[in-house]
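Q: My questions all concern the structure below.
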Amino acid sequence: MSIEIPVVSDAEHRRCLCGGEPMIFHCHHYNAFLQRTIRDADYIDTISILTGAGCEAAHSQLVKIFKEQGLREVDARKSFAQELYRWAGFGTLNFSSLTEKGGAVKTPNSHYSVAYSVKSWKSKEPVCFFSSGWLAGALAAIYDKPTGAYSVQHTKCIAMGNPECIFELKEGAPNYSIYPGAGMGPLTAHNVRPIPTNNVDYDGIFKAVSGMPLVGNDDGYIYAFGVYLTRHYANYYNRISFEFERALEKKFGKQGVEVAAPLLTEAGHVCAFNTLGGIMVSTEWDALIRPSLKTKEDWVHGIIAVVNTLGWGRWQVTKVSETMAEFVAHDDYESVGYLAMYGKSDHPISYLFQGGVVGIMDLVYAGDIASKPRLTQDFYDKLFRQSQSYVAQSLSSRAMGDEVTSFRVRKV
Amino acid sequence: MTIQAYQTYDCFWKVRILYRLPQPLTREFLSLLPDAKATVLEFSKMVASALDHLTLEIKDEFYLTGALGGRDLMVTFGKTDGRWPQAEIDRFEAALRQGGFGIIEHHEVFKN
C-alpha cells in the first residue's frame, strides 16, 4: 500500500503545510551550521532545546495526521511515520522494533550526522538531536500518549565515525524540554507591493518549482540544486533559534540578544550562500530561469521568485540596484512562528530573512554568481568574513506588530 | 569537437564532473543511456523563455542533470563510500562518446 503524504499548498501565503505544520526547505549546510552555532553555547542546555523542538514538531504533526486520516492501527501509524521522515529528507528510520515501552532504532541514513561528516566536522558527541526528539514525539503520537512520554538516548552516531546511528527510547520522564506546539501561526492578508520592472516570470517560476518532485529518495535524501535539502519544520527552526536567544537573554540580559542576533544572522548568510547560491549555479536554474535574465537586477528577482516556493512566506524586492535594495516579506516564517510561540517581540527577529537578503546582494553583485563560481568555504570567507560588502537595516518587523517585515540593504 | 570535463566533488564528497558539450543537449541523448531512469521537467510549458530540464539516474552509478538546449551536464558518480568510481565514470563516458560529441578533455581536480 502506497502512503501519500498530505501536503497542502497555501499559495496565497506562500506556504506549504503538512499535518498543520508549516514545512520549509533548507539545505544541510544551514541545518548543520545553525545546530553547531547553538551547540557552541555550551553554558546553556542546548541539547534539551534541540531535542525538545524535534519532539514538539513530530508529535503535533502526527497526532493531527493520524486523526485526520483515521489511522488507528499501530503498524499503519509506524509505516506512515517512517515514510514521512524519508519523504522529508531526514534519512530513514525503521519503527518495527519499537513497542509501547520503547526500544532501539538503528539507521545508516541520518541527515544531520551525514551533514556533519561531509563538512568534515569531527564530533565527539552524537549530533542527531532533531531525530532523537522526532522519534520520541512520533512514538508518543503512535501510542496516543502526550508529548514527552518517552526519554531518548542517542548512543551512537555516524558523525562520530560509527557506521550507523542508534537511538534508544524508554517510556518515562523526558530528558528534553517540552513545548506545546505552535501550529500554523497568525497570518495576514498579503498587500502585495509594486516591484520594479524586470524580466522574471514570477508566477511561472512559482508553478514550475512548486511542481518539482522534491522528495526523499530510498535513503531518505533529497538531492537538488547541487545540495541536499530537507522539507523541515518552520516551527523547529523557530523554536531552536528563539529558545537559544531567550536562554542567552536570561543568562546575560540584553547583551545575550546582542550575542545571539549576529550568530543567527550568519546562519542566514550560510543559507543564502549554499542553498540560494547552489540554486543559482544549478542546471535547474540554467533551464528555468537563466534564459530570461538580462540584468543583474533580474538575478535578484529570479532568486526571489524561487524563494517564494520554499515555504518561507512571500518575499518581494521592491527596490534594487547595485548600491541599495529593499526587501519585504509577508508572513515570513520567523515572525509567524515567533508570534505563535511568544506573542509580540520587542525587537526584530527575522534573522534568516536578514542574512538571506544580504547574502543575495553579496552573491549577485559582489560574488558575481552569474559567472558560476565554486561555492567553497574559501569563497564564503572572502564574501562574508574578510570584507563586508552589504549591510541590512531593519525597516519593519511583523513580529513586532508591523504589517510586514522589511529590510533596506545597502553597499558599504 | 571536444567535451570539456571539469571534475570536482558534491556536498557529500561524491565525485562530480561538469561536462561542457560542444553542441546543445537534445532529447536524443536519452537513447544513449536506455537503462537510466529519465525525468524531463517541461519548464518550457510554464515559462516562455525556459528550457526543459533533464534528470537521468542509475542508482549508485550516476545522477545527471542538464538543460535540454543547454551545453552543461552535471554528473555525480557512485556512492558516498569514498571509493573512486572509475568504472562508473568509464561506462558513462563510453556512452557519451557514442553520442558523437567528440573526445573528452579532462581538467584539473578541484577540492571543496
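In the C-alpha cells, chains take the letters A, B, ... in the order shown, each chain's residues start at 1, and ligands count up from 1 in the order shown.
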Taking only C-alpha atoms into account, find every residue of chain A that has an atom no more than 6 Å from chain B, and write it out as a count of residues only.
A: 8
Q: If you count only C-alpha atoms, which residues fall within 8 Å of Ile303 (chain A), apart from same-chain ones fewer than 3 positions away, as a list in words?
A: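 Returned residues: Leu276, Met280, Trp299, Val300, Val306, Val307 and Ile360 of chain A.
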Q: Would you mind listing what lies within 9 Å of Arg246 (chain A) as an mmCIF file with C-alpha atoms, in the first residue's frame, with only C-alpha atoms counted and same-chain residues fewer than 4 positions away left out?
A:
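Contents of result-v8.cif, freshly written:
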```cif
data_model
loop_
_atom_site.group_PDB
_atom_site.id
_atom_site.type_symbol
_atom_site.label_atom_id
_atom_site.label_comp_id
_atom_site.auth_asym_id
_atom_site.auth_seq_id
_atom_site.Cartn_x
_atom_site.Cartn_y
_atom_site.Cartn_z
ATOM 1 C CA SER A 241 16.564 29.826 17.324
ATOM 2 C CA PHE A 242 14.300 31.707 19.708
ATOM 3 C CA LYS A 250 18.070 35.034 30.531
ATOM 4 C CA LYS A 251 21.741 34.491 31.301
ATOM 5 C CA GLY A 256 22.548 37.985 25.307
ATOM 6 C CA VAL A 257 20.273 39.117 22.478
ATOM 7 C CA ALA A 260 22.564 35.755 19.525
#
```
Q: Would you kindly return, as a PyMOL selection string, each protein, DNA or RNA residue with an atom no farther than 7 Å from any atom of Phe130 (chain A), considering only C-alpha atoms and excluding same-chain residues fewer than 5 positions away?
A: chain A and resi 50-51+54
Q: Could you pull the residues within 10 Å of Ala87 (chain B), counting only C-alpha atoms, minus those fewer than 3 positions along the same chain, as a CSV table (one decimal) with N, CA and C atoms, in the first residue's frame?
A:
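Generated output (part_24.csv):
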```
chain,number,residue,atom,x,y,z
B,61,GLU,N,25.1,4.6,-9.4
B,61,GLU,CA,26.0,4.7,-10.5
B,61,GLU,C,26.3,6.1,-10.9
B,77,PHE,N,28.8,10.9,-9.5
B,77,PHE,CA,29.1,9.4,-9.7
B,77,PHE,C,29.1,8.7,-8.3
B,78,GLY,N,28.7,7.4,-8.4
B,78,GLY,CA,29.0,6.5,-7.3
B,78,GLY,C,28.2,6.8,-6.0
B,84,TRP,N,36.8,5.7,-5.3
B,84,TRP,CA,36.9,6.4,-6.6
B,84,TRP,C,36.1,5.7,-7.6
B,90,ASP,N,33.8,5.5,-16.4
B,90,ASP,CA,34.2,4.9,-17.7
B,90,ASP,C,32.9,4.5,-18.5
B,91,ARG,N,32.0,3.9,-17.8
B,91,ARG,CA,30.7,3.5,-18.5
B,91,ARG,C,30.0,4.7,-19.0
B,92,PHE,N,29.9,5.7,-18.2
B,92,PHE,CA,29.2,6.9,-18.6
B,92,PHE,C,29.9,7.6,-19.8
B,93,GLU,N,31.2,7.7,-19.7
B,93,GLU,CA,31.9,8.4,-20.8
B,93,GLU,C,31.9,7.6,-22.1
```
Q: Have a look at A:Ala329, A:Ala149, A:Met324, A:Ala399 and name the one nearest to Gly172 (chain A); count only C-alpha atoms.
A: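 Between A:Ala329, A:Ala149, A:Met324, A:Ala399, the residue approaching Gly172 (chain A) most closely is A:Ala149.
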Q: For a quick check of understanding, using only C-alpha atoms, which of B:Leu25, B:Ala36, B:Met1, B:Gln7 has the smallest distance to His107 (chain B)?
A: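 Among B:Leu25, B:Ala36, B:Met1, B:Gln7, it is B:Gln7 that comes nearest to His107 (chain B).
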Q: Between B:Phe101, B:Val40, B:Pro85, B:Lys79, which is the closest to Tyr19 (chain B) once you count only C-alpha atoms?
A: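 Distance minimum relative to Tyr19 (chain B) lands on B:Phe101.
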Q: If you run DSSP on this backbone, which residues of region 346-408 of chain A come out as strand (DSSP E), and could you give them as a ChimeraX atom specification?
A: /A:390-396,405-408
Q: Can you pull out every residue within 12 Å of region 94-98 of chain B, counting only C-alpha atoms, but drop anything in the same chain fewer than 6 positions away, and send it as a compact mmCIF listing (two decimals) with C-alpha atoms, in the first residue's frame?
A:
```
# COMPACT_ATOMS: atom_id res chain seq x y z
CA MET B 1 34.68 18.68 -31.37
CA THR B 2 35.66 18.32 -27.74
CA ILE B 3 33.81 17.84 -24.49
CA ALA B 5 35.17 17.92 -18.37
CA TYR B 19 30.73 18.07 -18.93
CA ARG B 20 30.54 21.09 -21.22
CA LEU B 21 29.26 19.83 -24.57
CA LEU B 25 21.83 18.72 -25.39
CA GLU B 28 18.14 12.10 -28.43
CA PHE B 29 20.69 11.95 -25.63
CA LEU B 30 18.23 9.77 -23.68
CA SER B 31 18.78 6.89 -26.11
CA LEU B 32 22.46 6.74 -25.15
CA LEU B 33 21.57 5.63 -21.62
CA PRO B 34 18.47 3.46 -22.03
CA ASP B 35 18.82 1.85 -18.58
CA ALA B 36 18.71 5.15 -16.74
CA LEU B 73 25.81 18.19 -17.98
CA VAL B 75 27.00 14.31 -13.32
CA ALA B 87 34.16 2.07 -13.53
CA GLU B 88 31.04 4.22 -13.33
CA ILE B 104 36.60 14.22 -23.68
CA GLU B 105 39.22 16.54 -22.31
```
Q: Enumerate, as a list in words, the complete set of residues in chain B that a backbone-based DSSP assignment places in helix (DSSP H, G or I).
A: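 Those in chain B that DSSP calls helix (DSSP H, G or I) are Arg27, Glu28, Phe29, Leu30, Ser31, Leu32, Phe43, Ser44, Lys45, Gln86, Ala87, Glu88, Ile89, Asp90, Arg91, Phe92, Glu93, Ala94, Ala95, Leu96, Arg97 and Gln98 of chain B.
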Q: Can you pull out every residue within 7 Å of Phe129 (chain A), counting only C-alpha atoms, but drop anything in the same chain fewer than 2 positions away, and send it as a list in words?
A: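 With the cut-off at 7 Å, the set is Ile47, Leu50, Thr51, Val127, Ser131, Ser132 and Gly133 of chain A.
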Q: Report, in Å to a single decimal, how far apart CA of Trp121 (chain A) and CA of Val227 (chain A) are.
A: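 Distance between the two atoms: 17.3 Å.
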